[in-house]
There are 2 protein chains.
Amino acid sequence: MGGVKIAVSGKGGAGKTTLAAALIRAYAATHRRVYAVDADPDASLALALGIPPETAVEIRPVVDLREQMRRVMGGEGEFFALNPPLGEVLDEFCFRLGNILLIRMGELKKGGTSCYCRENAFLNAVLTALLLERDEVVVMDMPAGIEHLSRGTARGVDVLLVVAEPNQRSIHTGRLVEGLAADLGIPRVAVVGNKIQSPEDGALVRTAFPGRVLALLPFDRAAYRGEGDLGVEFVAAVAGIKEMLDKERVS
Amino acid sequence: MGGVKIAVSGKGGAGKTTLAAALIRAYAATHRRVYAVDADPDASLALALGIPPETAVEIRPVVDLREQMRRVMGGEGEFFALNPPLGEVLDEFCFRLGNILLIRMGELKKGGTSCYCRENAFLNAVLTALLLERDEVVVMDMPAGIEHLSRGTARGVDVLLVVAEPNQRSIHTGRLVEGLAADLGIPRVAVVGNKIQSPEDGALVRTAFPGRVLALLPFDRAAYRGEGDLGVEFVAAVAGIKEMLDKERVS
């Protein structure tokens, strides 16, 4: 079973993180190793994977790795992308949860005058290492702006799942994400309806994205509350998504 | 009636944009002019203010104004902050909806190698003009990372409202926002519980933020669907928030 690189995006609150976490668990059951990338500063992929809040806040963001790399190798910028040790150091850096390797991208540092360019170049190199130089399973939880993805790294994304709730703003943001994905040249983009509570909810999403809806997920109370286990219906629907993606890759 | 600068933040989907839009309407009823700043790339403040989607997507982001300023004045970077014409040009640039002046900050441009520093400096100058150099009402809809706010511009924010739903992830993000706000030195930070459907929901939010909850807002179906008018209960609760903030400013 080869690698697949999946990005999950959509409006905040639509359920990106819940879907990403459920997909990660599904792949972790069938693959030796799964990279889970939390690229949304607003998300809590760690919590959704069952890591307690007090541990989650301690997970170092990958921007911190730049300092570490610089100390070891003295390099900078583009240099990282070409250098095999980045991949090795990255694995050491990940937070491990069984065979899930969690990577928190972290926010770009703020402040009046400092330059983000070097941090950006570094994060870009990390994504290049993950998306373009490896044959592994990578699931990325991303903000609606699909920040972090450049034209270069987007080439490594096999499929972008756009999560949309049955409401107008979520649909609006979903369409914007589709547009951004097209601009970046992502080959496969599909919509996943979430928090579906009635046939009308499903129809609303299908009508908004004609022919582009891969699956509909039911409203899940545990997912909403952020407490307890996901319902069997929800988990089964996500397993169905994995199956469809696997089939597409084979055919 | 003097100016007040309000920032609204919280986890995506918690209801930042709905609260911001309702506050903007409330202030527009009592003040000559209200600046509505959409600083969340994931948000749709324009839609929440009733602007149709096809018009909303056409609203130019303020980063575009930089080009315009440069053509007119030939300046760059810090220069803008010191130059009164920025304020004047800004008013011309706003999208007008009655006495509401809508400003879309816009996302920083992406791409492999370009430098964001100048665009950042420009956006910072725009916020300085709005927050520090004027005595007007400004309501800003911001992402959870309170991006755009630097230590400097944060001095101009009178109150940050952190919107939280009655669930663990929304509460987790709300606490992170409180921490960021403290780091930035924002003088007044208060929590607004949203989508409250039962006394238990309210208790969950109050227990999570002891003594820091300014108000609880009911679940509003129109707000969730992004269709139709907000319910009277919701509008009344937001009017209550405005009243509390006005009183705090007087005393």
# chains A, B, ... in the order shown; residues from 1 in each chain; ligands from 1
$ residues_around --residues "Leu161 of chain B" --least-positions-apart "4" --cutoff "8 Å" --atoms "only C-alpha atoms" --output "list in words"
Ile6, Ala7, Val8, Ser9, Val189, Ala190, Val191 and Val192 of chain B
$ residues_around --residues "Gly13 of chain B" --least-positions-apart "4" --cutoff "10 Å" --atoms "only C-alpha atoms" --output "list in words"
Lys11, Gly12, Gly13, Ala14, Gly15, Arg169 and Ser170 of chain A; Thr17, Thr18, Asp42, Ala43, Val163, Ala164, Glu165, Ser170 and Tyr224 of chain B
$ write_last_selection --atoms "all heavy atoms" --output "tab-separated table (two decimals), in the first residue's frame"
chain	number	residue	atom	x	y	z
A	11	LYS	N	-14.41	25.94	5.68
A	11	LYS	CA	-14.60	27.01	6.65
A	11	LYS	C	-14.34	26.52	8.08
A	11	LYS	O	-14.63	25.37	8.39
A	11	LYS	CB	-16.04	27.53	6.55
A	11	LYS	CG	-16.28	28.76	7.41
A	11	LYS	CD	-17.61	29.38	7.16
A	11	LYS	CE	-17.83	30.62	8.02
A	11	LYS	NZ	-17.14	30.67	9.31
A	12	GLY	N	-13.84	27.39	8.91
A	12	GLY	CA	-13.65	27.07	10.32
A	12	GLY	C	-14.94	26.57	10.92
A	12	GLY	O	-15.99	27.15	10.67
A	13	GLY	N	-14.88	25.48	11.68
A	13	GLY	CA	-16.07	24.95	12.31
A	13	GLY	C	-16.85	23.96	11.47
A	13	GLY	O	-17.78	23.32	11.96
A	14	ALA	N	-16.47	23.81	10.18
A	14	ALA	CA	-17.22	22.90	9.31
A	14	ALA	C	-16.95	21.44	9.65
A	14	ALA	O	-17.76	20.56	9.35
A	14	ALA	CB	-16.87	23.16	7.85
A	15	GLY	N	-15.80	21.19	10.27
A	15	GLY	CA	-15.48	19.82	10.67
A	15	GLY	C	-14.23	19.27	10.00
A	15	GLY	O	-14.04	18.05	9.97
A	169	ARG	N	-22.72	30.17	4.40
A	169	ARG	CA	-21.36	30.70	4.56
A	169	ARG	C	-20.32	29.61	4.38
A	169	ARG	O	-19.26	29.84	3.84
A	169	ARG	CB	-21.21	31.35	5.93
A	169	ARG	CG	-21.83	32.72	5.88
A	169	ARG	CD	-21.35	33.54	7.04
A	169	ARG	NE	-22.51	34.13	7.68
A	169	ARG	CZ	-22.57	34.44	8.97
A	169	ARG	NH1	-21.54	34.18	9.75
A	169	ARG	NH2	-23.65	34.97	9.46
A	170	SER	N	-20.67	28.43	4.87
A	170	SER	CA	-19.76	27.30	4.72
A	170	SER	C	-19.61	26.96	3.23
A	170	SER	O	-18.52	26.65	2.75
A	170	SER	CB	-20.32	26.11	5.50
A	170	SER	OG	-19.37	25.10	5.64
B	17	THR	N	-18.25	36.18	13.19
B	17	THR	CA	-18.73	37.06	12.13
B	17	THR	C	-20.17	37.50	12.41
B	17	THR	O	-20.53	38.66	12.20
B	17	THR	CB	-18.65	36.34	10.78
B	17	THR	OG1	-17.32	35.85	10.63
B	17	THR	CG2	-18.98	37.27	9.64
B	18	THR	N	-20.98	36.59	12.93
B	18	THR	CA	-22.36	36.92	13.27
B	18	THR	C	-22.41	37.98	14.36
B	18	THR	O	-23.14	38.96	14.25
B	18	THR	CB	-23.11	35.65	13.73
B	18	THR	OG1	-23.00	34.66	12.71
B	18	THR	CG2	-24.57	35.94	13.99
B	42	ASP	N	-11.13	33.65	6.49
B	42	ASP	CA	-12.12	32.57	6.51
B	42	ASP	C	-13.53	33.13	6.73
B	42	ASP	O	-14.52	32.42	6.65
B	42	ASP	CB	-11.73	31.62	7.64
B	42	ASP	CG	-12.61	30.40	7.70
B	42	ASP	OD1	-13.27	30.08	6.71
B	42	ASP	OD2	-12.61	29.75	8.75
B	43	ALA	N	-13.62	34.38	7.04
B	43	ALA	CA	-14.91	34.95	7.43
B	43	ALA	C	-15.62	35.54	6.22
B	43	ALA	O	-15.08	35.64	5.14
B	43	ALA	CB	-14.70	36.02	8.47
B	163	VAL	N	-15.36	34.82	21.24
B	163	VAL	CA	-16.60	34.07	21.09
B	163	VAL	C	-16.32	32.58	21.28
B	163	VAL	O	-15.37	32.04	20.70
B	163	VAL	CB	-17.23	34.30	19.70
B	163	VAL	CG1	-18.58	33.61	19.60
B	163	VAL	CG2	-17.38	35.79	19.43
B	164	ALA	N	-17.12	31.93	22.13
B	164	ALA	CA	-16.92	30.50	22.37
B	164	ALA	C	-18.25	29.76	22.36
B	164	ALA	O	-19.23	30.20	22.98
B	164	ALA	CB	-16.22	30.28	23.71
B	165	GLU	N	-18.30	28.66	21.64
B	165	GLU	CA	-19.44	27.76	21.68
B	165	GLU	C	-19.31	26.85	22.89
B	165	GLU	O	-18.20	26.64	23.38
B	165	GLU	CB	-19.41	26.84	20.45
B	165	GLU	CG	-19.81	27.48	19.16
B	165	GLU	CD	-19.77	26.43	18.04
B	165	GLU	OE1	-20.69	25.63	17.93
B	165	GLU	OE2	-18.77	26.43	17.29
B	170	SER	N	-13.83	24.71	21.04
B	170	SER	CA	-14.07	26.15	20.98
B	170	SER	C	-13.52	26.82	22.24
B	170	SER	O	-12.93	27.89	22.19
B	170	SER	CB	-15.58	26.38	20.84
B	170	SER	OG	-15.86	27.70	20.50
B	224	TYR	N	-26.99	30.51	11.77
B	224	TYR	CA	-26.36	29.26	11.37
B	224	TYR	C	-26.52	28.99	9.88
B	224	TYR	O	-25.57	28.65	9.18
B	224	TYR	CB	-26.91	28.07	12.17
B	224	TYR	CG	-26.29	26.76	11.69
B	224	TYR	CD1	-24.94	26.48	11.97
B	224	TYR	CD2	-27.01	25.85	10.92
B	224	TYR	CE1	-24.35	25.33	11.49
B	224	TYR	CE2	-26.42	24.70	10.44
B	224	TYR	CZ	-25.09	24.44	10.73
B	224	TYR	OH	-24.50	23.32	10.23
$ select_by_dssp --residues "segment 60-225 of chain B" --states "helix (DSSP H, G or I)" --output "number ranges by chain"
B: 63-73, 77-82, 85-93, 117-131, 151-154, 168-184, 199-208, 221-225
$ residues_around --residues "Leu101 of chain B" --least-positions-apart "2" --cutoff "6 Å" --atoms "only C-alpha atoms" --output "number ranges by chain"
B: 35-36, 94-96
$ select_by_dssp --residues "segment 84-195 of chain A" --states "strand (DSSP E or B)" --output "list of chain:residue names"
A:Phe95, A:Arg96, A:Leu97, A:Ile100, A:Leu101, A:Leu102, A:Ile103, A:Arg104, A:Val137, A:Val138, A:Val139, A:Met140, A:Asp141, A:Val159, A:Leu160, A:Leu161, A:Val162, A:Val163, A:Ala164, A:Val189, A:Ala190, A:Val191, A:Val192, A:Gly193, A:Asn194, A:Lys195
$ write_last_selection --atoms "C-alpha atoms" --output "PDB file, in the first residue's frame"
ATOM      1  CA  PHE A  95       4.920  13.919  18.309  1.00  0.00           C
ATOM      2  CA  ARG A  96       4.249  10.153  18.246  1.00  0.00           C
ATOM      3  CA  LEU A  97       0.908   8.572  18.945  1.00  0.00           C
ATOM      4  CA  ILE A 100       0.762   8.371  13.887  1.00  0.00           C
ATOM      5  CA  LEU A 101       3.412  11.078  13.574  1.00  0.00           C
ATOM      6  CA  LEU A 102       1.896  14.444  14.413  1.00  0.00           C
ATOM      7  CA  ILE A 103       3.449  17.619  13.048  1.00  0.00           C
ATOM      8  CA  ARG A 104       2.246  21.031  14.166  1.00  0.00           C
ATOM      9  CA  VAL A 137       0.395   8.647   3.962  1.00  0.00           C
ATOM     10  CA  VAL A 138       0.096  12.326   4.859  1.00  0.00           C
ATOM     11  CA  VAL A 139      -3.143  13.937   6.040  1.00  0.00           C
ATOM     12  CA  MET A 140      -3.044  17.714   6.460  1.00  0.00           C
ATOM     13  CA  ASP A 141      -5.609  19.769   8.347  1.00  0.00           C
ATOM     14  CA  VAL A 159      -6.523  15.084  -3.195  1.00  0.00           C
ATOM     15  CA  LEU A 160      -8.009  18.066  -1.417  1.00  0.00           C
ATOM     16  CA  LEU A 161     -11.188  17.427   0.543  1.00  0.00           C
ATOM     17  CA  VAL A 162     -13.312  20.526   1.040  1.00  0.00           C
ATOM     18  CA  VAL A 163     -15.582  20.137   4.069  1.00  0.00           C
ATOM     19  CA  ALA A 164     -18.873  22.034   3.940  1.00  0.00           C
ATOM     20  CA  VAL A 189     -10.651  18.277  -5.351  1.00  0.00           C
ATOM     21  CA  ALA A 190     -13.798  16.826  -3.794  1.00  0.00           C
ATOM     22  CA  VAL A 191     -16.427  18.121  -1.400  1.00  0.00           C
ATOM     23  CA  VAL A 192     -17.481  16.338   1.786  1.00  0.00           C
ATOM     24  CA  GLY A 193     -20.781  17.486   3.308  1.00  0.00           C
ATOM     25  CA  ASN A 194     -20.751  17.411   7.104  1.00  0.00           C
ATOM     26  CA  LYS A 195     -23.281  17.762   9.964  1.00  0.00           C
TER      27      LYS A 195
END
$ residues_around --residues "Gly50 of chain A" --least-positions-apart "4" --cutoff "10 Å" --atoms "only C-alpha atoms" --output "JSON, numbers by chain"
{"A": [21, 45, 46, 56, 97, 226, 227, 228, 229]}
$ residues_around --residues "Phe93 of chain A" --least-positions-apart "2" --cutoff "10 Å" --atoms "only C-alpha atoms" --output "ChimeraX atom specification"
/A:59-62,64-65,68,87-91,95-96,101-103
$ residues_around --residues "Arg151 of chain B" --least-positions-apart "2" --cutoff "6 Å" --atoms "only C-alpha atoms" --output "PyMOL selection string"
chain B and resi 153-154+184
$ write_last_selection --atoms "C-alpha atoms" --output "short mmCIF file (atom, residue, chain, number, x, y, z; two decimals), in the first residue's frame"
data_model
loop_
_atom_site.label_atom_id
_atom_site.label_comp_id
_atom_site.auth_asym_id
_atom_site.auth_seq_id
_atom_site.Cartn_x
_atom_site.Cartn_y
_atom_site.Cartn_z
CA THR B 153 -1.77 48.31 16.87
CA ALA B 154 -3.10 46.27 19.81
CA LEU B 184 -0.26 41.78 23.07
#
$ atom_distance --atom1 "atom CA of Asp158 of chain B" --atom2 "atom CA of Val4 of chain B"
6.4 Å
$ closest_residue --among "B:Gly2, B:Pro218, B:Gly179, B:Pro199" --to "Ala144 of chain B" --atoms "only C-alpha atoms"
B:Gly179
$ closest_residue --among "B:Gln197, B:Ala182, B:Gly231, B:Glu248" --to "Leu214 of chain B" --atoms "only C-alpha atoms"
B:Glu248
